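Text of the file final25.tsv, holding TSV, N, CA and C atoms:
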chain	number	residue	atom	x	y	z
A	20	MET	N	91.14	87.46	78.29
A	20	MET	CA	91.86	88.21	79.32
A	20	MET	C	91.74	89.68	79.00
A	21	GLY	N	91.28	90.47	79.97
A	21	GLY	CA	91.16	91.90	79.81
A	21	GLY	C	92.30	92.62	80.49
A	22	LYS	N	92.30	93.93	80.35
A	22	LYS	CA	93.38	94.72	80.95
A	22	LYS	C	92.79	96.00	81.53
A	23	LEU	N	93.24	96.34	82.74
A	23	LEU	CA	92.91	97.61	83.37
A	23	LEU	C	94.16	98.47	83.29
A	24	ILE	N	94.02	99.67	82.75
A	24	ILE	CA	95.14	100.59	82.65
A	24	ILE	C	94.81	101.81	83.50
A	25	TYR	N	95.68	102.09	84.47
A	25	TYR	CA	95.47	103.18	85.42
A	25	TYR	C	96.46	104.30	85.10
A	26	ASP	N	95.95	105.48	84.81
A	26	ASP	CA	96.75	106.68	84.51
A	26	ASP	C	97.83	106.42	83.46
A	27	GLY	N	97.59	105.49	82.55
A	27	GLY	CA	98.49	105.23	81.45
A	27	GLY	C	99.78	104.53	81.81
A	28	THR	N	100.01	104.28	83.10
A	28	THR	CA	101.29	103.69	83.50
A	28	THR	C	101.15	102.32	84.15
A	29	VAL	N	100.14	102.12	84.94
A	29	VAL	CA	99.94	100.85	85.63
A	29	VAL	C	98.98	100.01	84.78
A	30	LYS	N	99.44	98.83	84.39
A	30	LYS	CA	98.64	97.94	83.56
A	30	LYS	C	98.57	96.58	84.23
A	31	VAL	N	97.35	96.08	84.37
A	31	VAL	CA	97.16	94.78	85.04
A	31	VAL	C	96.13	93.97	84.27
A	32	ASP	N	96.40	92.68	84.16
A	32	ASP	CA	95.50	91.77	83.46
A	32	ASP	C	94.48	91.17	84.41
A	33	PHE	N	93.23	91.17	83.99
A	33	PHE	CA	92.13	90.48	84.68
A	33	PHE	C	91.34	89.77	83.59
A	34	ASP	N	90.73	88.64	83.93
A	34	ASP	CA	89.87	88.03	82.92
A	34	ASP	C	88.68	88.96	82.69
A	35	ASP	N	88.08	88.85	81.52
A	35	ASP	CA	86.99	89.76	81.14
A	35	ASP	C	85.86	89.76	82.16
A	36	ARG	N	85.54	88.61	82.71
A	36	ARG	CA	84.43	88.52	83.67
A	36	ARG	C	84.75	89.33	84.93
A	37	THR	N	85.94	89.16	85.45
A	37	THR	CA	86.37	89.92	86.63
A	37	THR	C	86.39	91.41	86.32
A	38	LEU	N	86.95	91.77	85.17
A	38	LEU	CA	87.06	93.18	84.79
A	38	LEU	C	85.69	93.84	84.67
A	39	ALA	N	84.71	93.12	84.15
A	39	ALA	CA	83.36	93.68	84.03
A	39	ALA	C	82.77	93.99	85.40
A	40	HIS	N	82.99	93.13	86.36
A	40	HIS	CA	82.49	93.36	87.72
A	40	HIS	C	83.23	94.53	88.37
A	41	LEU	N	84.54	94.58	88.18
A	41	LEU	CA	85.31	95.69	88.72
A	41	LEU	C	84.88	97.02	88.10
A	42	GLN	N	84.64	97.03	86.80
A	42	GLN	CA	84.22	98.27	86.14
A	42	GLN	C	82.92	98.80	86.73
A	43	LEU	N	81.98	97.92	86.99
A	43	LEU	CA	80.71	98.36	87.54
A	43	LEU	C	80.89	98.95	88.94
A	44	VAL	N	81.67	98.28	89.78
A	44	VAL	CA	81.89	98.76	91.15
A	44	VAL	C	82.69	100.06	91.15
A	45	ILE	N	83.75	100.11	90.37
A	45	ILE	CA	84.59	101.32	90.31
A	45	ILE	C	83.78	102.49	89.74
A	46	GLY	N	83.03	102.24	88.68
A	46	GLY	CA	82.21	103.29	88.08
A	46	GLY	C	81.18	103.85	89.05
A	47	THR	N	80.58	102.98	89.84
A	47	THR	CA	79.59	103.43	90.83
A	47	THR	C	80.25	104.34	91.86
A	48	LYS	N	81.40	103.93	92.37
A	48	LYS	CA	82.10	104.75	93.36
A	48	LYS	C	82.47	106.12	92.77
A	49	LEU	N	82.99	106.11	91.54
A	49	LEU	CA	83.43	107.37	90.94
A	49	LEU	C	82.25	108.29	90.61
A	50	ARG	N	81.14	107.73	90.16
A	50	ARG	CA	79.95	108.57	89.90
A	50	ARG	C	79.48	109.26	91.16
A	51	ARG	N	79.69	108.61	92.28
A	51	ARG	CA	79.29	109.19	93.57
A	51	ARG	C	80.35	110.13	94.13
A	52	GLY	N	81.47	110.26	93.44
A	52	GLY	CA	82.55	111.13	93.91
A	52	GLY	C	83.27	110.56	95.12
A	53	GLU	N	83.34	109.24	95.22
A	53	GLU	CA	83.94	108.57	96.37
A	53	GLU	C	85.28	107.95	95.99
A	54	PRO	N	86.40	108.62	96.27
A	54	PRO	CA	87.71	108.03	95.98
A	54	PRO	C	87.99	106.86	96.94
A	55	PHE	N	88.88	105.95	96.52
A	55	PHE	CA	89.17	104.76	97.32
A	55	PHE	C	90.47	104.13	96.84
A	56	HIS	N	91.03	103.28	97.66
A	56	HIS	CA	92.18	102.47	97.26
A	56	HIS	C	91.69	101.22	96.54
A	57	PHE	N	92.47	100.76	95.57
A	57	PHE	CA	92.20	99.49	94.90
A	57	PHE	C	93.50	98.70	94.94
A	58	THR	N	93.45	97.51	95.53
A	58	THR	CA	94.62	96.66	95.71
A	58	THR	C	94.40	95.32	95.02
A	59	TRP	N	95.43	94.83	94.36
A	59	TRP	CA	95.37	93.49	93.76
A	59	TRP	C	96.73	92.82	93.91
A	60	ARG	N	96.71	91.50	93.79
A	60	ARG	CA	97.95	90.72	93.82
A	60	ARG	C	98.58	90.75	92.44
A	61	ASP	N	99.88	90.95	92.43
A	61	ASP	CA	100.61	90.94	91.17
A	61	ASP	C	100.88	89.50	90.73
A	62	ASP	N	101.02	89.34	89.44
A	62	ASP	CA	101.36	88.04	88.88
A	62	ASP	C	102.77	87.63	89.32
A	63	ALA	N	102.98	86.34	89.43
A	63	ALA	CA	104.29	85.83	89.84
A	63	ALA	C	105.40	86.30	88.89
A	64	SER	N	105.06	86.53	87.63
A	64	SER	CA	106.07	86.95	86.65
A	64	SER	C	106.65	88.33	86.95
A	65	ILE	N	105.95	89.13	87.77
A	65	ILE	CA	106.48	90.46	88.12
A	65	ILE	C	106.76	90.58	89.62
A	66	GLY	N	106.90	89.45	90.29
A	66	GLY	CA	107.33	89.50	91.68
A	66	GLY	C	106.34	88.96	92.69
A	67	ASP	N	105.12	88.66	92.30
A	67	ASP	CA	104.14	88.06	93.20
A	67	ASP	C	103.84	88.94	94.42
A	68	GLY	N	103.96	90.23	94.28
A	68	GLY	CA	103.64	91.15	95.37
A	68	GLY	C	102.21	91.64	95.23
A	69	ARG	N	102.01	92.90	95.59
A	69	ARG	CA	100.70	93.50	95.42
A	69	ARG	C	100.88	94.95	95.01
A	70	THR	N	99.85	95.47	94.39
A	70	THR	CA	99.86	96.86	93.94
A	70	THR	C	98.60	97.53	94.48
A	71	THR	N	98.75	98.77	94.94
A	71	THR	CA	97.61	99.58	95.38
A	71	THR	C	97.65	100.91	94.64
A	72	VAL	N	96.50	101.31	94.11
A	72	VAL	CA	96.38	102.62	93.47
A	72	VAL	C	95.26	103.39	94.16
A	73	TRP	N	95.35	104.71	94.11
A	73	TRP	CA	94.32	105.59	94.65
A	73	TRP	C	93.41	105.95	93.49
A	74	VAL	N	92.17	105.50	93.54
A	74	VAL	CA	91.22	105.74	92.46
A	74	VAL	C	90.36	106.94	92.86
A	75	HIS	N	90.34	107.94	91.98
A	75	HIS	CA	89.61	109.16	92.27
A	75	HIS	C	88.97	109.66	90.96
A	76	PRO	N	88.02	110.56	91.05
A	76	PRO	CA	87.30	110.99	89.84
A	76	PRO	C	88.16	111.57	88.73
A	77	ARG	N	89.35	112.06	89.03
A	77	ARG	CA	90.18	112.66	87.99
A	77	ARG	C	91.25	111.72	87.46
A	78	CYS	N	91.28	110.48	87.91
A	78	CYS	CA	92.28	109.53	87.39
A	78	CYS	C	91.80	108.98	86.05
A	79	SER	N	92.74	108.54	85.27
A	79	SER	CA	92.43	107.98	83.96
A	79	SER	C	92.38	106.45	84.07
A	80	LEU	N	91.24	105.87	83.71
A	80	LEU	CA	91.08	104.42	83.72
A	80	LEU	C	90.66	103.94	82.34
A	81	VAL	N	91.27	102.87	81.89
A	81	VAL	CA	90.89	102.23	80.64
A	81	VAL	C	90.61	100.77	80.95
A	82	TYR	N	89.46	100.28	80.49
A	82	TYR	CA	89.09	98.88	80.63
A	82	TYR	C	89.17	98.29	79.23
A	83	LYS	N	90.14	97.43	78.99
A	83	LYS	CA	90.32	96.82	77.67
A	83	LYS	C	89.86	95.37	77.75
A	84	TYR	N	88.80	95.06	77.00
A	84	TYR	CA	88.26	93.70	76.95
A	84	TYR	C	88.73	93.03	75.66
A	85	TYR	N	89.11	91.78	75.77
A	85	TYR	CA	89.54	91.05	74.58
A	85	TYR	C	88.44	90.15	74.04
A	86	GLY	N	87.40	89.90	74.82
A	86	GLY	CA	86.25	89.16	74.33
A	86	GLY	C	85.25	90.11	73.70
A	87	SER	N	84.42	89.60	72.82
A	87	SER	CA	83.46	90.46	72.13
A	87	SER	C	82.12	90.57	72.85
A	88	ARG	N	81.85	89.69	73.79
A	88	ARG	CA	80.56	89.71	74.48
A	88	ARG	C	80.73	90.16	75.93
A	89	MET	N	79.72	90.88	76.41
A	89	MET	CA	79.69	91.29	77.81
A	89	MET	C	79.40	90.06	78.68
A	90	PRO	N	80.24	89.80	79.67
A	90	PRO	CA	79.97	88.67	80.55
A	90	PRO	C	78.71	88.89	81.39
A	91	ARG	N	78.06	87.81	81.75
A	91	ARG	CA	76.89	87.89	82.63
A	91	ARG	C	77.37	88.31	84.02
A	92	LEU	N	76.70	89.29	84.61
A	92	LEU	CA	77.11	89.80	85.91
A	92	LEU	C	76.44	89.03	87.04
A	93	ASN	N	77.18	88.84	88.11
A	93	ASN	CA	76.70	88.15	89.30
A	93	ASN	C	76.43	89.21	90.38
A	94	PRO	N	75.16	89.49	90.71
A	94	PRO	CA	74.85	90.52	91.70
A	94	PRO	C	75.50	90.27	93.06
A	95	ALA	N	75.65	89.01	93.44
A	95	ALA	CA	76.28	88.71	94.73
A	95	ALA	C	77.75	89.11	94.72
A	96	TRP	N	78.43	88.94	93.59
A	96	TRP	CA	79.84	89.34	93.50
A	96	TRP	C	79.96	90.85	93.49
A	97	ILE	N	79.05	91.53	92.79
A	97	ILE	CA	79.05	92.99	92.79
A	97	ILE	C	78.90	93.51	94.22
A	98	ASP	N	77.97	92.93	94.96
A	98	ASP	CA	77.77	93.34	96.35
A	98	ASP	C	79.02	93.10	97.20
A	99	ALA	N	79.66	91.94	97.01
A	99	ALA	CA	80.86	91.61	97.78
A	99	ALA	C	82.00	92.57	97.45
A	100	LEU	N	82.18	92.88	96.17
A	100	LEU	CA	83.23	93.82	95.79
A	100	LEU	C	82.93	95.23	96.28
A	101	ALA	N	81.67	95.64	96.19
A	101	ALA	CA	81.28	96.97	96.68
A	101	ALA	C	81.50	97.08	98.18
A	102	TYR	N	81.25	95.99	98.90
A	102	TYR	CA	81.47	95.99	100.35
A	102	TYR	C	82.94	96.29	100.65
A	103	THR	N	83.86	95.64	99.92
A	103	THR	CA	85.28	95.91	100.16
A	103	THR	C	85.64	97.33	99.76
A	104	ALA	N	85.06	97.82	98.65
A	104	ALA	CA	85.37	99.17	98.18
A	104	ALA	C	84.95	100.23	99.19
A	105	ASN	N	83.93	99.92	99.98
A	105	ASN	CA	83.44	100.86	100.99
A	105	ASN	C	84.14	100.71	102.34
A	106	SER	N	85.08	99.78	102.44
A	106	SER	CA	85.81	99.55	103.69
A	106	SER	C	87.02	100.48	103.75
A	107	PRO	N	87.61	100.67	104.94
A	107	PRO	CA	88.80	101.51	105.05
A	107	PRO	C	89.98	101.01	104.21
A	108	ALA	N	90.07	99.70	103.99
A	108	ALA	CA	91.17	99.13	103.20
A	108	ALA	C	90.96	99.33	101.71
A	109	GLY	N	89.74	99.57	101.28
A	109	GLY	CA	89.46	99.79	99.87
A	109	GLY	C	89.15	98.51	99.11
A	110	LEU	N	88.94	98.70	97.82
A	110	LEU	CA	88.55	97.61	96.94
A	110	LEU	C	89.66	96.58	96.79
A	111	HIS	N	89.31	95.33	96.93
A	111	HIS	CA	90.21	94.23	96.60
A	111	HIS	C	89.38	93.06	96.12
A	112	LEU	N	90.00	92.21	95.32
A	112	LEU	CA	89.27	91.08	94.76
A	112	LEU	C	88.93	90.06	95.83
A	113	VAL	N	87.71	89.62	95.80
A	113	VAL	CA	87.26	88.53	96.66
A	113	VAL	C	86.73	87.44	95.74
A	114	PRO	N	86.74	86.20	96.19
A	114	PRO	CA	86.24	85.12	95.34
A	114	PRO	C	84.78	85.35	94.95
A	115	GLU	N	84.44	84.92	93.76
A	115	GLU	CA	83.06	85.08	93.30
A	115	GLU	C	82.15	84.15	94.07
A	116	PRO	N	81.10	84.70	94.71
A	116	PRO	CA	80.11	83.85	95.37
A	116	PRO	C	79.31	83.06	94.33
A	117	VAL	N	78.66	82.04	94.78
A	117	VAL	CA	77.80	81.26	93.89
A	117	VAL	C	76.73	82.20	93.34
A	118	PRO	N	76.56	82.21	92.00
A	118	PRO	CA	75.54	83.10	91.44
A	118	PRO	C	74.14	82.68	91.88
A	119	PRO	N	73.19	83.60	91.83
A	119	PRO	CA	71.82	83.26	92.21
A	119	PRO	C	71.30	82.12	91.34
A	120	ALA	N	70.39	81.35	91.89
A	120	ALA	CA	69.79	80.23	91.15
A	120	ALA	C	69.07	80.75	89.92
A	121	ALA	N	68.95	79.89	88.92
A	121	ALA	CA	68.35	80.28	87.65
A	121	ALA	C	66.89	80.72	87.81
A	122	HIS	N	66.21	80.22	88.84
A	122	HIS	CA	64.80	80.60	89.01
A	122	HIS	C	64.62	81.95	89.69
A	123	GLU	N	65.69	82.51	90.22
A	123	GLU	CA	65.59	83.82	90.86
A	123	GLU	C	65.60	84.90	89.79
A	124	PRO	N	64.95	86.04	90.04
A	124	PRO	CA	64.93	87.12	89.04
A	124	PRO	C	66.33	87.68	88.81
A	125	ASP	N	66.54	88.14	87.60
A	125	ASP	CA	67.81	88.75	87.23
A	125	ASP	C	67.75	90.24	87.58
A	126	HIS	N	68.67	90.70	88.43
A	126	HIS	CA	68.63	92.08	88.91
A	126	HIS	C	69.64	92.98	88.21
A	127	GLU	N	70.22	92.51	87.10
A	127	GLU	CA	71.23	93.32	86.40
A	127	GLU	C	70.67	94.66	85.97
A	128	ALA	N	69.51	94.65	85.34
A	128	ALA	CA	68.93	95.91	84.84
A	128	ALA	C	68.62	96.85	85.99
A	129	GLU	N	68.08	96.31	87.08
A	129	GLU	CA	67.79	97.15	88.25
A	129	GLU	C	69.06	97.73	88.82
A	130	ARG	N	70.11	96.93	88.89
A	130	ARG	CA	71.38	97.39	89.45
A	130	ARG	C	71.95	98.54	88.63
A	131	ASP	N	71.87	98.43	87.30
A	131	ASP	CA	72.37	99.50	86.45
A	131	ASP	C	71.59	100.79	86.67
A	132	LEU	N	70.30	100.69	86.93
A	132	LEU	CA	69.49	101.88	87.13
A	132	LEU	C	69.80	102.59	88.44
A	133	ILE	N	70.10	101.81	89.49
A	133	ILE	CA	70.34	102.45	90.79
A	133	ILE	C	71.80	102.78	91.00
A	134	ALA	N	72.70	102.25	90.19
A	134	ALA	CA	74.12	102.51	90.36
A	134	ALA	C	74.44	103.84	89.85

Produce C-alpha cells that represent the structure in this file.
Amino acid sequence: MGKLIYDGTVKVDFDDRTLAHLQLVIGTKLRRGEPFHFTWRDDASIGDGRTTVWVHPRCSLVYKYYGSRMPRLNPAWIDALAYTANSPAGLHLVPEPVPPAAHEPDHEAERDLIA
C-alpha cells in the first residue's frame, strides 16, 4: 500500500500499482504546466465521501511506496487515466483495463520518452 501526500496535509492510501500509474499521469500533466483537479473516493473509515484537490506545478506532492519494486505499468490504464485528467472534471480513478496481450510490444519505454 502506497501513500500520496498533497501539500503535507492531505494523505491518501493507494496500492503501489495504482500510485505508480497516478504518478506517471500527474507528472506528465505537471511537466506540461497543466493544472487540474484530482478526485478520489475516501475510505469508509473516514466517512466514505470524496476528496478533490487542485494539482498545479507549485503544489507539493509526495509518492510514498511501501513495496521495493516498481510495478509493471499498463499503457491502457495510463491512457484511461490521462483521458480523465484532460476532462473538465479532472483526474479520477477508473478501473484498470485488461493489459495488452503478452505478444504485443511493451510501450513503457516509449511512453516515458514522450511523456

Smallest atom-to-atom distance to Cys78 in chain A: which of A:Gly27, A:His40, A:Met20, A:Ile45, using all atoms listed in the file?
A:Gly27

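Near Arg36 in chain A, within 8 Å and counting all atoms listed in the file, sit Met20, Gly21, Phe33, Asp34, Leu38, Ala39, His40, Leu41, Gln42, Met89, Pro90, Arg91 and Leu92 of chain A; same-chain residues fewer than 2 positions away were not included.
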
May I ask which of the residues A:Val117, A:Ile24, A:Leu49, A:Leu112 is the closest one to Ala95 in chain A, counting only N, CA and C atoms?
A:Val117

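CA of Thr28 in chain A sits 18.4 Å away from atom N of Ala63 in chain A.
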
Quick one: everything within 7 Å of range 97-99 of chain A, counting only C-alpha atoms, minus sequence neighbours fewer than 4 positions away in the same chain. Send it as number ranges by chain.
A: 40, 44, 93, 103

Please write the residues from the selection above to a file, keeping N, CA and C atoms, as a CSV table (one decimal), keeping the file's coordinate frame.
chain,number,residue,atom,x,y,z
A,40,HIS,N,83.0,93.1,86.4
A,40,HIS,CA,82.5,93.4,87.7
A,40,HIS,C,83.2,94.5,88.4
A,44,VAL,N,81.7,98.3,89.8
A,44,VAL,CA,81.9,98.8,91.2
A,44,VAL,C,82.7,100.1,91.2
A,93,ASN,N,77.2,88.8,88.1
A,93,ASN,CA,76.7,88.2,89.3
A,93,ASN,C,76.4,89.2,90.4
A,103,THR,N,83.9,95.6,99.9
A,103,THR,CA,85.3,95.9,100.2
A,103,THR,C,85.6,97.3,99.8

Contact residues around Gly109 in chain A with all atoms listed in the file at 6.5 Å, ignoring same-chain residues under 5 positions, as a list in words
Phe55, His56, Phe57, Thr58, Thr103 and Ala104 of chain A

Let's see if you can do this: from backbone DSSP, list all strand (DSSP E or B) residues in chain A, as an NGL selection string.
:A and (21-25 or 29-33 or 55-60 or 69-74 or 80-83 or 110-111)

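Taking atom C of Tyr82 in chain A and atom N of Val31 in chain A as the two end points, the separation is 9.9 Å.
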
So how many Å separate atom C of Leu100 in chain A and CA of Asp32 in chain A, to one decimal?
18.3 Å

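Residues of range 33-92 of chain A that DSSP, applied to the backbone, places in helix (DSSP H, G or I): A:Asp35, A:Arg36, A:Thr37, A:Leu38, A:Ala39, A:His40, A:Leu41, A:Gln42, A:Leu43, A:Val44, A:Ile45, A:Gly46, A:Thr47, A:Lys48, A:Leu49, A:Arg50, A:Ala63, A:Ser64, A:Ile65.
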
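Distances to Gly46 in chain A were evaluated for A:His111, A:Arg69, A:His75, A:Arg88 using only C-alpha atoms, and the minimum falls at A:His75.
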
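Of the residues listed (A:Lys48, A:Leu80, A:Asp61, A:Gly66), A:Leu80 shows the shortest atom-to-atom separation from Tyr25 in chain A; distances use only C-alpha atoms.
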
3 Å per side around range 94-104 of chain A: axis-aligned box centre and edge lengths, as AutoDock Vina command-line options:
--center_x 80.2 --center_y 94.5 --center_z 95.7 --size_x 16.8 --size_y 17.5 --size_z 15.9
